[in-house]
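**Student:** Take a look at the following structure, please.
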Amino acid sequence: MVKDLDILAIAAHRDDVEQTCGGTLLKAAQRGQRTGILDLTQGEMGTRGTAEDRAREAADAAKNLGVSWRRALDIPDGRVENTWENRLKVASVIRETRPRVVILPYWKGRHPDHYTTSVLGYEACFLAGLGKLALSSQPSAISPQAPADASGLRAGRPQESRQDAGATILTPHRPFKIIYATLYYDVRPTFVVDVTEQFEGKFASIMAYKSQFSDQDAGKDIFPAHDEIRTRLEAMARYYGMLGGVTYAEPFLQKEVGLVDDLLAIPVKSI
Ligand SMILES: [Zn+2]
């Protein structure tokens, strides 16, 4: 059995979570919360490196972020589609990991995989809670070599599922909260998370993707150089930090309104 997660971040590609909410996940892990990452694809379409390279790098990045659980599904890279089959795959993971909070990408963006993951993830969270929908933990719904296994990260379920030939019936579960990581899109967040103390750890987790981000010839015109990546990440983190009155922050959006109990405890200065 996978121990229930507090927070599960879902994204299309390995390294998306690191970039959009890596600091937030690291901060949660430092508080003792159990965090997990579900990547929908394995990165086989990337200009640089292979899916195997990326699996290794994803496991390293997960260690940097103190993540307890990570898995990549087998949805084709560059072809994330909101189909019934894909929704069931994600819903199975929701039931298996039982997160209280799910982080999804924002529902608009340049890359179709990103915005499709947003809607697909939301609908999967809904499906996962339907009492009459039977879902079993199927080995076919996970990557054959789940990176979390290879890295020695705690990911009990994949082995277990293989042993019992996918017969485990999963009990319904719906996360309490769904929030959207907005870093990839120019939209005003409804809140930011202070990651000033976690910024270096976040940067290290992104740099774990050596096949993508180390300086090299392949794809030189589309990938920025190492120093440039650092500068851009810092600029973004500083901008959102400024909105929250801190040094570095990551932006999020929630669809619900905020609930306040004590006016004197509301953070972020107005004037
Ligand atoms: Zn991506």
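Ligands are numbered from 1 in the order shown, chains are lettered A, B, ... in the order of the structure tokens, and residues start at 1 in each chain.
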Would you mind writing down, as a ChimeraX atom specification, each residue of range 186-267 of chain A that DSSP on the backbone assigns to strand (DSSP E)?

**Tutor:** /A:191-194,249-253

**Student:** Just want the residues within 8 Å of ligand 1, written as a PyMOL selection string, counting only C-alpha atoms and all ligand atoms.

**Tutor:** chain A and resi 11-16+111+113-114

**Student:** Write a file of the just-selected residues containing C-alpha atoms, as a PDB file, in the first residue's frame.

**Tutor:**
ATOM      1  CA  ALA A  11       1.962  17.592 -14.629  1.00  0.00           C
ATOM      2  CA  ALA A  12       2.429  16.611 -18.255  1.00  0.00           C
ATOM      3  CA  HIS A  13       6.212  16.373 -18.409  1.00  0.00           C
ATOM      4  CA  ARG A  14       9.036  15.437 -16.127  1.00  0.00           C
ATOM      5  CA  ASP A  15      10.513  18.760 -14.920  1.00  0.00           C
ATOM      6  CA  ASP A  16       7.208  20.704 -15.128  1.00  0.00           C
ATOM      7  CA  HIS A 111       1.772  23.866 -24.769  1.00  0.00           C
ATOM      8  CA  ASP A 113      -0.051  19.011 -23.063  1.00  0.00           C
ATOM      9  CA  HIS A 114      -0.049  21.531 -20.190  1.00  0.00           C
TER      10      HIS A 114
END

**Student:** Name all residues at most 7 Å from Lys202 in chain A (count only C-alpha atoms; drop same-chain ones fewer than 2 positions away) and give them as a list in words.

**Tutor:** Glu18, Gly22, Gly23, Leu65, Gln198, Phe199, Glu200, Ala204, Ser205 and Ile206 of chain A

**Student:** Excluding Thr116 in chain A and residues on its chain fewer than 4 positions from it, collect all residues at most 8 Å away from it, counting only C-alpha atoms, and give them as a compact mmCIF listing (two decimals) with C-alpha atoms, in the first residue's frame.

**Tutor:**
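Ended up saving to around.txt:
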# COMPACT_ATOMS: atom_id res chain seq x y z
CA VAL A 80 -1.78 14.23 -23.86
CA GLU A 81 -5.47 13.85 -24.63
CA ASN A 82 -8.42 14.10 -22.30
CA TRP A 107 -5.89 25.53 -17.67
CA PRO A 112 -1.35 21.74 -25.42
CA LEU A 120 -7.83 15.90 -17.51

**Student:** Find, counting only C-alpha atoms, the residue in A:Glu256, A:Asp221, A:Asp74, A:Glu234 that gets nearest to Thr190 in chain A.

**Tutor:**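 So, comparing all the options, the nearest one is A:Glu256.
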
**Student:** Which neighbours of Thr182 in chain A fall inside 8 Å, counting only C-alpha atoms, when residues of the same chain fewer than 4 positions from it are skipped, and could you give them as a CSV table (one decimal) with C-alpha atoms, in the first residue's frame?

**Tutor:**
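See result37.csv below for the written result:
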chain,number,residue,atom,x,y,z
A,20,THR,CA,6.1,25.4,-11.4
A,105,PRO,CA,-1.2,23.1,-14.2
A,106,TYR,CA,-3.2,26.2,-15.0
A,186,ASP,CA,0.7,35.2,-17.5
A,187,VAL,CA,-2.3,35.3,-15.2
A,189,PRO,CA,-2.4,34.3,-9.1
A,251,PRO,CA,2.2,31.5,-7.9
A,252,PHE,CA,-1.1,29.6,-7.6
A,253,LEU,CA,-4.7,30.1,-8.4

**Student:** Write out as a ChimeraX atom specification which residues come within 10 Å of Val195 in chain A when counting only C-alpha atoms, dropping same-chain ones fewer than 4 positions away.

**Tutor:** /A:21-27,199-202,237,241,246-250

**Student:** Take the residues from that selection and put them in a file with C-alpha atoms, as a PDB file, in the first residue's frame.

**Tutor:**
ATOM      1  CA  CYS A  21       5.847  24.318  -7.776  1.00  0.00           C
ATOM      2  CA  GLY A  22       9.106  22.597  -6.758  1.00  0.00           C
ATOM      3  CA  GLY A  23       9.758  25.083  -3.948  1.00  0.00           C
ATOM      4  CA  THR A  24       6.271  24.576  -2.551  1.00  0.00           C
ATOM      5  CA  LEU A  25       6.689  20.786  -2.540  1.00  0.00           C
ATOM      6  CA  LEU A  26      10.080  21.069  -0.869  1.00  0.00           C
ATOM      7  CA  LYS A  27       8.636  23.380   1.773  1.00  0.00           C
ATOM      8  CA  PHE A 199      14.785  28.437  -3.866  1.00  0.00           C
ATOM      9  CA  GLU A 200      18.216  26.780  -3.980  1.00  0.00           C
ATOM     10  CA  GLY A 201      16.659  23.332  -3.537  1.00  0.00           C
ATOM     11  CA  LYS A 202      14.200  24.049  -6.315  1.00  0.00           C
ATOM     12  CA  ALA A 237      10.433  33.930  -8.341  1.00  0.00           C
ATOM     13  CA  GLY A 241       7.784  37.146  -4.236  1.00  0.00           C
ATOM     14  CA  VAL A 246       8.760  38.179   0.331  1.00  0.00           C
ATOM     15  CA  THR A 247      11.938  37.504  -1.669  1.00  0.00           C
ATOM     16  CA  TYR A 248      10.990  34.437  -3.729  1.00  0.00           C
ATOM     17  CA  ALA A 249       7.558  32.877  -4.271  1.00  0.00           C
ATOM     18  CA  GLU A 250       5.611  30.521  -6.533  1.00  0.00           C
TER      19      GLU A 250
END

**Student:** In Å to one decimal, how far is CA of Ile103 in chain A from CA of Pro267 in chain A?

**Tutor:**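 These two atoms are separated by 22.1 Å.
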